[in-house]
Every structure is written in C-alpha cells, then in structure tokens.
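> Handing over start-v5.tsv, TSV, C-alpha atoms and all ligand atoms.
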chain	number	residue	atom	x	y	z
A	4	MET	CA	49.15	-46.62	17.66
A	5	SER	CA	50.56	-45.24	20.90
A	6	GLU	CA	49.42	-41.88	22.22
A	7	PRO	CA	51.52	-38.93	21.08
A	8	LEU	CA	53.71	-37.21	23.69
A	9	LEU	CA	51.85	-33.96	23.04
A	10	LYS	CA	48.31	-33.84	21.76
A	11	VAL	CA	46.71	-30.48	21.03
A	12	ARG	CA	43.05	-30.11	20.07
A	13	GLY	CA	41.08	-26.95	19.41
A	14	LEU	CA	43.80	-24.65	20.76
A	15	GLU	CA	42.78	-21.01	20.98
A	16	ALA	CA	44.88	-18.20	22.42
A	17	TRP	CA	44.42	-14.53	23.18
A	18	TYR	CA	46.46	-11.42	23.81
A	19	GLY	CA	43.96	-9.59	25.96
A	20	ARG	CA	40.85	-9.36	23.78
A	21	LEU	CA	42.73	-10.10	20.57
A	22	GLN	CA	42.39	-13.72	19.49
A	23	ALA	CA	45.57	-15.03	17.84
A	24	LEU	CA	44.91	-18.81	17.49
A	25	PHE	CA	41.68	-20.31	16.20
A	26	GLY	CA	41.35	-23.99	17.01
A	27	LEU	CA	44.70	-25.62	16.22
A	28	ASP	CA	44.96	-29.43	16.18
A	29	PHE	CA	48.38	-31.07	16.15
A	30	ASP	CA	50.50	-33.79	17.75
A	31	VAL	CA	54.14	-34.27	18.63
A	32	PRO	CA	54.99	-37.99	18.76
A	33	GLU	CA	57.37	-39.46	21.30
A	34	ASN	CA	60.92	-38.99	19.97
A	35	GLY	CA	59.58	-36.97	17.03
A	36	VAL	CA	60.47	-33.60	15.53
A	37	VAL	CA	57.56	-31.48	14.38
A	38	THR	CA	57.92	-28.13	12.67
A	39	LEU	CA	55.47	-25.26	12.50
A	40	LEU	CA	55.87	-23.18	9.36
A	41	GLY	CA	54.16	-19.95	8.43
A	42	ALA	CA	54.71	-16.32	7.51
A	43	ASN	CA	55.54	-13.58	10.03
A	44	GLY	CA	52.63	-13.04	12.38
A	45	ALA	CA	50.93	-16.34	11.51
A	46	GLY	CA	50.91	-17.45	15.15
A	47	LYS	CA	53.92	-19.76	15.48
A	48	THR	CA	55.49	-18.02	18.47
A	49	THR	CA	52.05	-17.67	20.02
A	50	THR	CA	51.55	-21.44	19.75
A	51	LEU	CA	54.76	-22.08	21.71
A	52	ARG	CA	53.78	-19.46	24.31
A	53	ALA	CA	50.38	-21.09	24.66
A	54	LEU	CA	51.97	-24.50	25.29
A	55	SER	CA	54.24	-22.97	27.95
A	56	GLY	CA	51.33	-21.41	29.81
A	57	MET	CA	52.49	-17.89	29.04
A	58	ILE	CA	49.22	-16.61	27.60
A	59	GLN	CA	45.51	-17.19	27.99
A	60	THR	CA	44.31	-20.30	26.13
A	61	ALA	CA	41.32	-22.56	25.58
A	62	GLY	CA	41.20	-26.10	24.20
A	63	ASP	CA	42.96	-29.33	25.09
A	64	ILE	CA	46.68	-29.56	25.61
A	65	VAL	CA	47.60	-33.05	26.76
A	66	PHE	CA	51.26	-33.70	27.53
A	67	ALA	CA	52.38	-37.19	28.60
A	68	GLY	CA	48.83	-37.91	29.69
A	69	ASN	CA	48.44	-34.66	31.69
A	70	GLN	CA	45.98	-31.95	30.74
A	71	ILE	CA	48.19	-28.83	30.90
A	72	GLY	CA	45.88	-26.20	29.41
A	73	GLY	CA	45.56	-23.43	32.01
A	74	THR	CA	48.53	-24.76	34.02
A	75	VAL	CA	51.21	-22.31	35.22
A	76	THR	CA	54.56	-22.27	33.40
A	77	GLU	CA	56.53	-23.55	36.38
A	78	ASP	CA	54.45	-26.75	36.54
A	79	ILE	CA	54.65	-27.23	32.77
A	80	VAL	CA	58.45	-27.03	32.99
A	81	ARG	CA	58.41	-29.52	35.84
A	82	LEU	CA	56.41	-31.96	33.71
A	83	GLY	CA	59.19	-31.87	31.11
A	84	ILE	CA	58.60	-29.10	28.56
A	85	ALA	CA	61.51	-26.69	28.04
A	86	HIS	CA	61.07	-23.54	25.96
A	87	VAL	CA	63.97	-21.89	24.12
A	88	PRO	CA	62.47	-18.52	23.20
A	89	GLU	CA	63.23	-16.25	20.27
A	90	GLY	CA	66.23	-14.05	20.94
A	91	ARG	CA	67.97	-16.66	23.11
A	92	GLY	CA	67.71	-14.95	26.50
A	93	THR	CA	70.98	-16.05	28.06
A	94	PHE	CA	72.32	-14.17	31.08
A	95	THR	CA	75.03	-12.17	29.37
A	96	ALA	CA	76.93	-11.08	32.49
A	97	MET	CA	77.28	-14.66	33.72
A	98	THR	CA	79.67	-17.29	32.47
A	99	VAL	CA	78.63	-20.17	30.23
A	100	GLU	CA	78.78	-22.57	33.15
A	101	GLU	CA	76.79	-20.29	35.47
A	102	ASN	CA	74.08	-20.15	32.80
A	103	LEU	CA	73.97	-23.95	32.72
A	104	GLN	CA	73.78	-24.15	36.50
A	105	LEU	CA	70.87	-21.71	36.43
A	106	GLY	CA	69.16	-23.99	33.93
A	107	ALA	CA	69.18	-26.71	36.59
A	108	MET	CA	67.69	-24.41	39.23
A	109	THR	CA	64.65	-26.63	39.79
A	110	ARG	CA	66.85	-29.67	40.52
A	111	ARG	CA	68.51	-30.55	43.78
A	112	ASP	CA	71.02	-33.26	42.88
A	113	PRO	CA	74.45	-31.55	42.53
A	114	GLY	CA	76.20	-34.72	41.34
A	115	ALA	CA	73.73	-35.35	38.54
A	116	ILE	CA	73.74	-31.65	37.60
A	117	ALA	CA	77.52	-31.70	37.22
A	118	GLN	CA	77.23	-34.84	35.06
A	119	ASP	CA	74.58	-33.24	32.88
A	120	ILE	CA	76.74	-30.16	32.38
A	121	GLU	CA	79.54	-32.41	31.08
A	122	ARG	CA	77.07	-34.33	28.91
A	123	THR	CA	75.84	-31.05	27.45
A	124	TYR	CA	79.42	-30.01	26.70
A	125	ALA	CA	79.90	-33.27	24.80
A	126	TYR	CA	77.15	-32.14	22.41
A	127	PHE	CA	78.37	-28.53	22.31
A	128	PRO	CA	82.19	-28.66	22.45
A	129	ARG	CA	82.41	-24.94	21.62
A	130	LEU	CA	80.76	-24.22	24.94
A	131	ALA	CA	83.13	-26.50	26.81
A	132	GLU	CA	86.04	-24.46	25.52
A	133	ARG	CA	84.32	-21.29	26.68
A	134	ARG	CA	82.89	-22.48	29.98
A	135	ARG	CA	84.50	-19.65	32.00
A	136	GLN	CA	83.70	-16.97	29.44
A	137	GLN	CA	80.89	-14.44	29.93
A	138	ALA	CA	77.88	-15.40	27.83
A	139	GLY	CA	77.69	-11.85	26.43
A	140	THR	CA	81.07	-12.29	24.74
A	141	LEU	CA	79.97	-15.38	22.76
A	142	SER	CA	79.07	-15.30	19.07
A	143	GLY	CA	75.40	-15.44	18.08
A	144	GLY	CA	75.65	-19.14	17.26
A	145	GLU	CA	77.33	-19.94	20.57
A	146	GLN	CA	74.66	-18.00	22.46
A	147	GLN	CA	71.96	-20.01	20.69
A	148	MET	CA	73.80	-23.21	21.62
A	149	LEU	CA	73.98	-22.00	25.21
A	150	ALA	CA	70.24	-21.25	25.27
A	151	ILE	CA	69.53	-24.80	24.05
A	152	SER	CA	72.03	-26.28	26.50
A	153	ARG	CA	70.44	-24.40	29.36
A	154	ALA	CA	67.05	-25.83	28.41
A	155	LEU	CA	68.59	-29.33	28.28
A	156	MET	CA	69.64	-28.94	31.91
A	157	LEU	CA	65.95	-29.31	32.79
A	158	ARG	CA	66.11	-32.83	31.31
A	159	PRO	CA	63.04	-32.13	29.18
A	160	ARG	CA	61.07	-34.68	27.20
A	161	LEU	CA	59.89	-32.00	24.81
A	162	MET	CA	61.79	-28.93	23.69
A	163	LEU	CA	60.02	-25.95	22.16
A	164	LEU	CA	62.45	-24.14	19.87
A	165	ASP	CA	61.60	-20.70	18.52
A	166	GLU	CA	63.65	-19.66	15.48
A	167	PRO	CA	66.95	-21.24	16.52
A	168	SER	CA	68.55	-20.30	13.19
A	169	PHE	CA	67.65	-16.62	13.43
A	170	GLY	CA	70.56	-14.34	12.52
A	171	LEU	CA	73.11	-17.16	12.21
A	172	ALA	CA	75.50	-17.81	9.32
A	173	PRO	CA	74.58	-20.83	7.14
A	174	LEU	CA	77.50	-22.96	8.35
A	175	ILE	CA	76.57	-22.37	11.98
A	176	VAL	CA	72.95	-23.23	11.21
A	177	GLU	CA	74.15	-26.54	9.68
A	178	GLU	CA	76.21	-27.27	12.78
A	179	LEU	CA	73.34	-26.42	15.12
A	180	PHE	CA	70.82	-28.57	13.28
A	181	GLY	CA	73.30	-31.43	13.20
A	182	ILE	CA	73.47	-31.25	16.99
A	183	LEU	CA	69.66	-31.12	17.26
A	184	ALA	CA	69.44	-34.26	15.11
A	185	ASP	CA	71.97	-35.93	17.44
A	186	LEU	CA	69.94	-34.98	20.50
A	187	LYS	CA	66.86	-36.53	18.96
A	188	GLU	CA	68.71	-39.69	18.06
A	189	LYS	CA	70.81	-40.22	21.17
A	190	GLU	CA	68.72	-38.63	23.92
A	191	GLY	CA	65.29	-39.46	22.53
A	192	LEU	CA	64.36	-35.79	22.75
A	193	SER	CA	61.14	-34.65	21.07
A	194	MET	CA	61.02	-31.18	19.54
A	195	LEU	CA	58.50	-28.67	18.33
A	196	LEU	CA	60.40	-26.36	16.05
A	197	VAL	CA	59.33	-22.94	14.78
A	198	GLU	CA	61.48	-21.80	11.88
A	199	GLN	CA	61.69	-19.18	9.16
A	200	ASN	CA	64.33	-21.38	7.58
A	201	ALA	CA	61.79	-23.83	6.20
A	202	ALA	CA	64.30	-25.85	4.19
A	203	MET	CA	66.38	-26.61	7.26
A	204	ALA	CA	63.33	-27.31	9.41
A	205	LEU	CA	61.84	-29.74	6.88
A	206	GLU	CA	65.13	-31.59	6.68
A	207	ILE	CA	65.16	-32.43	10.38
A	208	ALA	CA	61.39	-32.75	10.96
A	209	ASP	CA	59.22	-35.86	10.74
A	210	GLU	CA	55.95	-33.92	10.49
A	211	ALA	CA	55.17	-30.36	9.42
A	212	TYR	CA	52.20	-28.06	9.98
A	213	LEU	CA	51.52	-24.85	8.13
A	214	ILE	CA	49.86	-21.98	10.02
A	215	GLU	CA	48.18	-18.99	8.44
A	216	THR	CA	46.56	-16.24	10.52
A	217	GLY	CA	46.14	-18.48	13.54
A	218	ARG	CA	44.75	-21.51	11.67
A	219	MET	CA	46.34	-24.77	10.50
A	220	ILE	CA	45.99	-24.89	6.75
A	221	MET	CA	48.11	-27.94	5.93
A	222	SER	CA	49.83	-30.81	7.67
A	223	GLY	CA	51.63	-34.00	6.78
A	224	PRO	CA	54.96	-35.80	6.71
A	225	ALA	CA	57.75	-33.23	6.35
A	226	GLN	CA	58.91	-34.71	3.05
A	227	GLN	CA	55.46	-34.45	1.55
A	228	ILE	CA	54.95	-30.84	2.73
A	229	GLY	CA	58.40	-29.96	1.37
A	230	SER	CA	57.49	-31.22	-2.07
A	231	ASP	CA	54.16	-29.36	-2.23
A	232	GLU	CA	54.38	-26.80	-5.00
A	233	ASN	CA	52.69	-23.97	-3.08
A	234	VAL	CA	54.85	-24.55	-0.03
A	235	ARG	CA	57.96	-24.59	-2.19
A	236	ARG	CA	57.06	-21.32	-3.84
A	237	ALA	CA	56.01	-19.54	-0.63
A	238	TYR	CA	58.56	-20.86	1.88
A	239	LEU	CA	61.42	-22.49	0.05
A	240	GLY	CA	61.86	-19.97	-2.76
A	241	TYR	CA	62.00	-22.33	-5.75
B	301	LIG	P1	57.02	-14.21	13.82
B	301	LIG	O1	57.80	-15.07	12.92
B	301	LIG	O2	56.98	-12.79	13.38
B	301	LIG	O3	57.33	-14.38	15.27
B	301	LIG	P2	54.67	-15.72	14.34
B	301	LIG	O4	54.06	-16.64	13.39
B	301	LIG	O5	55.47	-16.28	15.44
B	301	LIG	O6	55.51	-14.66	13.58
B	301	LIG	P3	53.14	-14.50	16.41
B	301	LIG	O7	54.26	-13.73	17.00
B	301	LIG	O8	52.71	-15.72	17.08
B	301	LIG	O9	53.48	-14.84	14.91
B	301	LIG	O10	51.91	-13.52	16.24
B	301	LIG	C1	50.58	-13.96	15.94
B	301	LIG	C2	49.62	-12.78	16.06
B	301	LIG	O11	49.55	-12.34	17.42
B	301	LIG	C3	50.02	-11.57	15.25
B	301	LIG	O12	48.87	-11.00	14.72
B	301	LIG	C4	50.66	-10.66	16.25
B	301	LIG	O13	50.49	-9.30	15.87
B	301	LIG	C5	49.88	-10.96	17.52
B	301	LIG	N1	50.73	-10.74	18.71
B	301	LIG	C6	51.92	-11.33	18.97
B	301	LIG	N2	52.40	-10.94	20.18
B	301	LIG	C7	51.50	-10.08	20.68
B	301	LIG	C8	51.40	-9.33	21.89
B	301	LIG	N3	52.35	-9.41	22.82
B	301	LIG	N4	50.31	-8.55	22.06
B	301	LIG	C9	49.34	-8.49	21.12
B	301	LIG	N5	49.36	-9.17	19.97
B	301	LIG	C10	50.41	-9.96	19.74
Once more with this new file: its structure as structure tokens, please.
Ligand code: ATP


Amino acid sequence: MSEPLLKVRGLEAWYGRLQALFGLDFDVPENGVVTLLGANGAGKTTTLRALSGMIQTAGDIVFAGNQIGGTVTEDIVRLGIAHVPEGRGTFTAMTVEENLQLGAMTRRDPGAIAQDIERTYAYFPRLAERRRQQAGTLSGGEQQMLAISRALMLRPRLMLLDEPSFGLAPLIVEELFGILADLKEKEGLSMLLVEQNAAMALEIADEAYLIETGRMIMSGPAQQIGSDENVRRAYLGY
C-alpha cells in the first residue's frame, strides 16, 4: 500500500497548560475524504488547528513525506495544506474577486492566478455572478463557498474544512457538498472534514474517525461507521 498523504501518530495538543488532544492516530489517503466526528468540545477544531501549526503539539505529523509537527503555519500552507476555519473568515469589505486574489498572495504568477480564479468560478458559478460584489453582502452559503474558493487559490493538496455546513439551509448544504465531491473527483483534492452534520459528512467521506474528549474512540470506512448503532443514535438521530 502507498503511504497516505497525511499520517498522524500520537498527536497531542495544548492550550497553554490545558491538554486537549491525547495521542490521536489517523491518516488521510491521497485523493481521500476523511471526516472527524464528535460532540461539541471533543477536539475536532483543535485537531485541525494542530495540523495547521496554530497551537502547541507533540507527536508525528507527516505530510507528503515531510515531518510538519512544530512547523510554522506559513510553511505548512506552502507545502500544500489549506485551512478553511469555522466562521468562514472572508474579508467582508472586499469584493469576491479581491478575496480570491488575496488567497493567491503567496504565488507570483499572475497569468496562472487569473486562470485559477476562472477555474474556481467554474465550480462556484454563484460567485462568478457576484465577482464584483462585496463579500459582506453575500448569503451565508455564498460566503462559505468564497472561503473554500479562497483556500483553493493556494492550490492545496489537502484541505482542512471546519464545519462548512454550519448555519446553512439544507438545500445549500447539498449544493456545497456536491461541489466538494466534484473537487475531489476532478481535482484530486484530499480533504479532512470536521462536521456536526454527520449524515452529510459520512455520505462524502471514505473514512471516518470518532473523537471523544481528545481521544479517538472509533474509526473505519465511513459506511461502516454510519451503520454502527451507537453512532446512529448519538450523531445521526435515528
Ligand atoms: P466544537 O464543535 O464546539 O468546535 P470541537 O470538537 O471542535 O467542538 P474543540 O474546539 O477542539 O472541540 O475543543 C476541544 C477542547 O479544547 C475543549 O475542551 C475546549 O474547551 C478546549 N479549547 C478550545 N479552544 C480553546 C482555547 N482557545 N483555549 C483553551 N481551551 C480551548
């Protein structure tokens, strides 16, 4: 078997003196979608922050053959990991297109950047229509799409997505996940997806991990996790 794109072993993380993760082991395969499920406060967001170098960690984080534990965020981004945080974080006073240009800030090839903006619009036609509109005037779903598009401008190999469905109407969530599935298929993008909407996450994911108070308590193929009776009762509501 080939090495996974991301291989995490014994991951620990702290907020100051407070330990939040206790030895997580997980992989994200090349061109795979992996979802982290768990209740509020379980440590899902913390796991993404740890991978992005935003908090203090210990353990092995190997991405595309590079040990990135303890590496600064800027270098992690340069290696090909893009993080779409909770709450979207678009620049509301700037236009859609200015946000996308900012996403390409680390790149220096204007021709390729312009091409990538058009390619992004092909996936998110709603944004193309609104390219000159201020991001702050977009709907919640459009802002989420913009946050993802901005991350795509980094040409990542792995995208970390934190609660992309948060606060969105069911139809918009369907549309958004359809686009994510397309990106996986057509761009070969790998994703690590944190979701409260477990049903949606399990539909798109290949593998799923369940976190409870900073520890992995279950893992397996998404279909298998989705049919586990305890998971169904706790996270899927049936
Ligand atoms: P949610 O869905 O609510 O985001 P989560 O699974 O993502 O839940 P985390 O946000 O990762 O959970 O939180 C894991 C633990 O770390 C919790 O006990 C939380 O209180 C703690 N924590 C999170 N952020 C901080 C912080 N900035 N400072 C101190 N402790 C924090």

> With distances taken over all atoms listed in the file, which of A:Met221, A:Met194, A:Ala45, A:Leu9 is nearest to A:Ala23?

A:Ala45

> Considering all atoms listed in the file, give me a table of residues in chain A that are at most 12 Å from ligand LIG 301 (chain B), with the closest atom pair and distance in Å for each, as CSV.


residue,atom,partner,partner_atom,distance
A:Glu15,CA,B:LIG301,O11,11.6
A:Ala16,CA,B:LIG301,O11,9.0
A:Trp17,CA,B:LIG301,N5,8.0
A:Tyr18,CA,B:LIG301,C9,4.9
A:Gly19,CA,B:LIG301,C9,7.3
A:Arg20,CA,B:LIG301,C9,8.9
A:Leu21,CA,B:LIG301,N5,6.7
A:Gln22,CA,B:LIG301,O11,7.6
A:Ala23,CA,B:LIG301,O11,4.8
A:Leu24,CA,B:LIG301,C1,7.6
A:Phe25,CA,B:LIG301,C1,10.9
A:Leu39,CA,B:LIG301,O4,8.8
A:Leu40,CA,B:LIG301,O4,7.9
A:Gly41,CA,B:LIG301,O4,6.0
A:Ala42,CA,B:LIG301,O4,5.9
A:Asn43,CA,B:LIG301,O6,3.7
A:Gly44,CA,B:LIG301,O9,3.2
A:Ala45,CA,B:LIG301,O4,3.7
A:Gly46,CA,B:LIG301,O8,3.2
A:Lys47,CA,B:LIG301,O4,3.8
A:Thr48,CA,B:LIG301,O5,3.5
A:Thr49,CA,B:LIG301,O8,3.6
A:Thr50,CA,B:LIG301,O8,6.4
A:Leu51,CA,B:LIG301,O8,8.1
A:Arg52,CA,B:LIG301,O8,8.2
A:Ala53,CA,B:LIG301,O8,9.6
A:Met57,CA,B:LIG301,N3,10.5
A:Ile58,CA,B:LIG301,N3,9.2
A:Gln59,CA,B:LIG301,N4,11.5
A:Pro88,CA,B:LIG301,O3,10.3
A:Glu89,CA,B:LIG301,O3,8.0
A:Gly90,CA,B:LIG301,O3,10.6
A:Leu164,CA,B:LIG301,O5,11.4
A:Asp165,CA,B:LIG301,O5,8.2
A:Glu166,CA,B:LIG301,O1,7.9
A:Pro167,CA,B:LIG301,O1,11.6
A:Ser168,CA,B:LIG301,O1,12.0
A:Phe169,CA,B:LIG301,O1,10.0
A:Leu196,CA,B:LIG301,O5,11.2
A:Val197,CA,B:LIG301,O5,7.7
A:Glu198,CA,B:LIG301,O1,7.7
A:Gln199,CA,B:LIG301,O1,6.8
A:Asn200,CA,B:LIG301,O1,10.5
A:Ala201,CA,B:LIG301,O1,11.7
A:Leu213,CA,B:LIG301,O4,10.1
A:Ile214,CA,B:LIG301,O4,7.6
A:Glu215,CA,B:LIG301,O4,8.0
A:Thr216,CA,B:LIG301,O12,7.1
A:Gly217,CA,B:LIG301,C1,6.8
A:Arg218,CA,B:LIG301,C1,10.5
A:Met219,CA,B:LIG301,O4,11.6

> Restricting the calculation to all atoms listed in the file: of A:Leu103, A:Leu149, A:Leu192, A:Ala208, which residue gets closest to A:Leu179?

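With all atoms listed in the file as the atom set, the closest residue is A:Leu149.
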
> In Å, rounded to a single decimal, give me how far atom CA of A:Ala225 is from atom CA of A:Ala154.

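Going from atom CA of A:Ala154 over to atom CA of A:Ala225, I get 25.1 Å.
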
> With a distance cut-off of 10 Å and all atoms listed in the file, select the neighbouring residues of A:Gln146, excluding the residue or stretch itself and same-chain residues fewer than 5 positions from it, and output the selection as number ranges by chain.

A: 90-95, 99, 130, 138-141, 151-152

> Please list as a list in words every residue within 12 Å of A:Arg81, counting all atoms listed in the file and excluding residues in the same chain fewer than 5 positions away.

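Listed by chain and then number, they are Ser55, Phe66, Asn69, Ile71, Thr74, Val75, Thr76, His86, Ala107, Met108, Thr109, Arg110, Ala154, Met156, Leu157, Arg158, Pro159, Arg160 and Leu161 of chain A.
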
> Residues as selected, C-alpha atoms, written as a PDB file, in the coordinates of the input, can you do that?


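Output (part29.pdb):
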ATOM      1  CA  SER A  55      54.240 -22.970  27.950  1.00  0.00           C
ATOM      2  CA  PHE A  66      51.260 -33.700  27.530  1.00  0.00           C
ATOM      3  CA  ASN A  69      48.440 -34.660  31.690  1.00  0.00           C
ATOM      4  CA  ILE A  71      48.190 -28.830  30.900  1.00  0.00           C
ATOM      5  CA  THR A  74      48.530 -24.760  34.020  1.00  0.00           C
ATOM      6  CA  VAL A  75      51.210 -22.310  35.220  1.00  0.00           C
ATOM      7  CA  THR A  76      54.560 -22.270  33.400  1.00  0.00           C
ATOM      8  CA  HIS A  86      61.070 -23.540  25.960  1.00  0.00           C
ATOM      9  CA  ALA A 107      69.180 -26.710  36.590  1.00  0.00           C
ATOM     10  CA  MET A 108      67.690 -24.410  39.230  1.00  0.00           C
ATOM     11  CA  THR A 109      64.650 -26.630  39.790  1.00  0.00           C
ATOM     12  CA  ARG A 110      66.850 -29.670  40.520  1.00  0.00           C
ATOM     13  CA  ALA A 154      67.050 -25.830  28.410  1.00  0.00           C
ATOM     14  CA  MET A 156      69.640 -28.940  31.910  1.00  0.00           C
ATOM     15  CA  LEU A 157      65.950 -29.310  32.790  1.00  0.00           C
ATOM     16  CA  ARG A 158      66.110 -32.830  31.310  1.00  0.00           C
ATOM     17  CA  PRO A 159      63.040 -32.130  29.180  1.00  0.00           C
ATOM     18  CA  ARG A 160      61.070 -34.680  27.200  1.00  0.00           C
ATOM     19  CA  LEU A 161      59.890 -32.000  24.810  1.00  0.00           C
TER      20      LEU A 161
END

> So how far away is atom CA of A:Gln70 from atom CA of A:Leu195, in Å?

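Answer for the atom CA of A:Leu195 to atom CA of A:Gln70 separation: 17.9 Å.
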
> Report, in Å with one decimal, the straight-line distance from atom CA of A:Asp30 to atom CA of A:Leu8.

7.6 Å

> Give the answer as one residue: which of A:Phe29, A:Ala202, A:Glu190, A:Gly143 has the shortest atom-to-atom distance to A:Arg235, using only C-alpha atoms?

A:Ala202

> Pick the closest to A:Ile182 from A:Ala125, A:Ile220, A:Ile116, A:Ala96: which is it, counting all atoms listed in the file?

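Using all atoms listed in the file, the shortest distance to A:Ile182 belongs to A:Ala125.
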
> Between A:Ala204, A:Leu174, A:Met97, A:Leu155, which one has atoms that come closest to A:Glu121, using all atoms listed in the file?

A:Leu155

> Can you work out which one of A:Leu27, A:Ala131, A:Ala117, A:Ala85 has the shortest atom-to-atom distance to A:Asp63, counting only C-alpha atoms?

A:Leu27
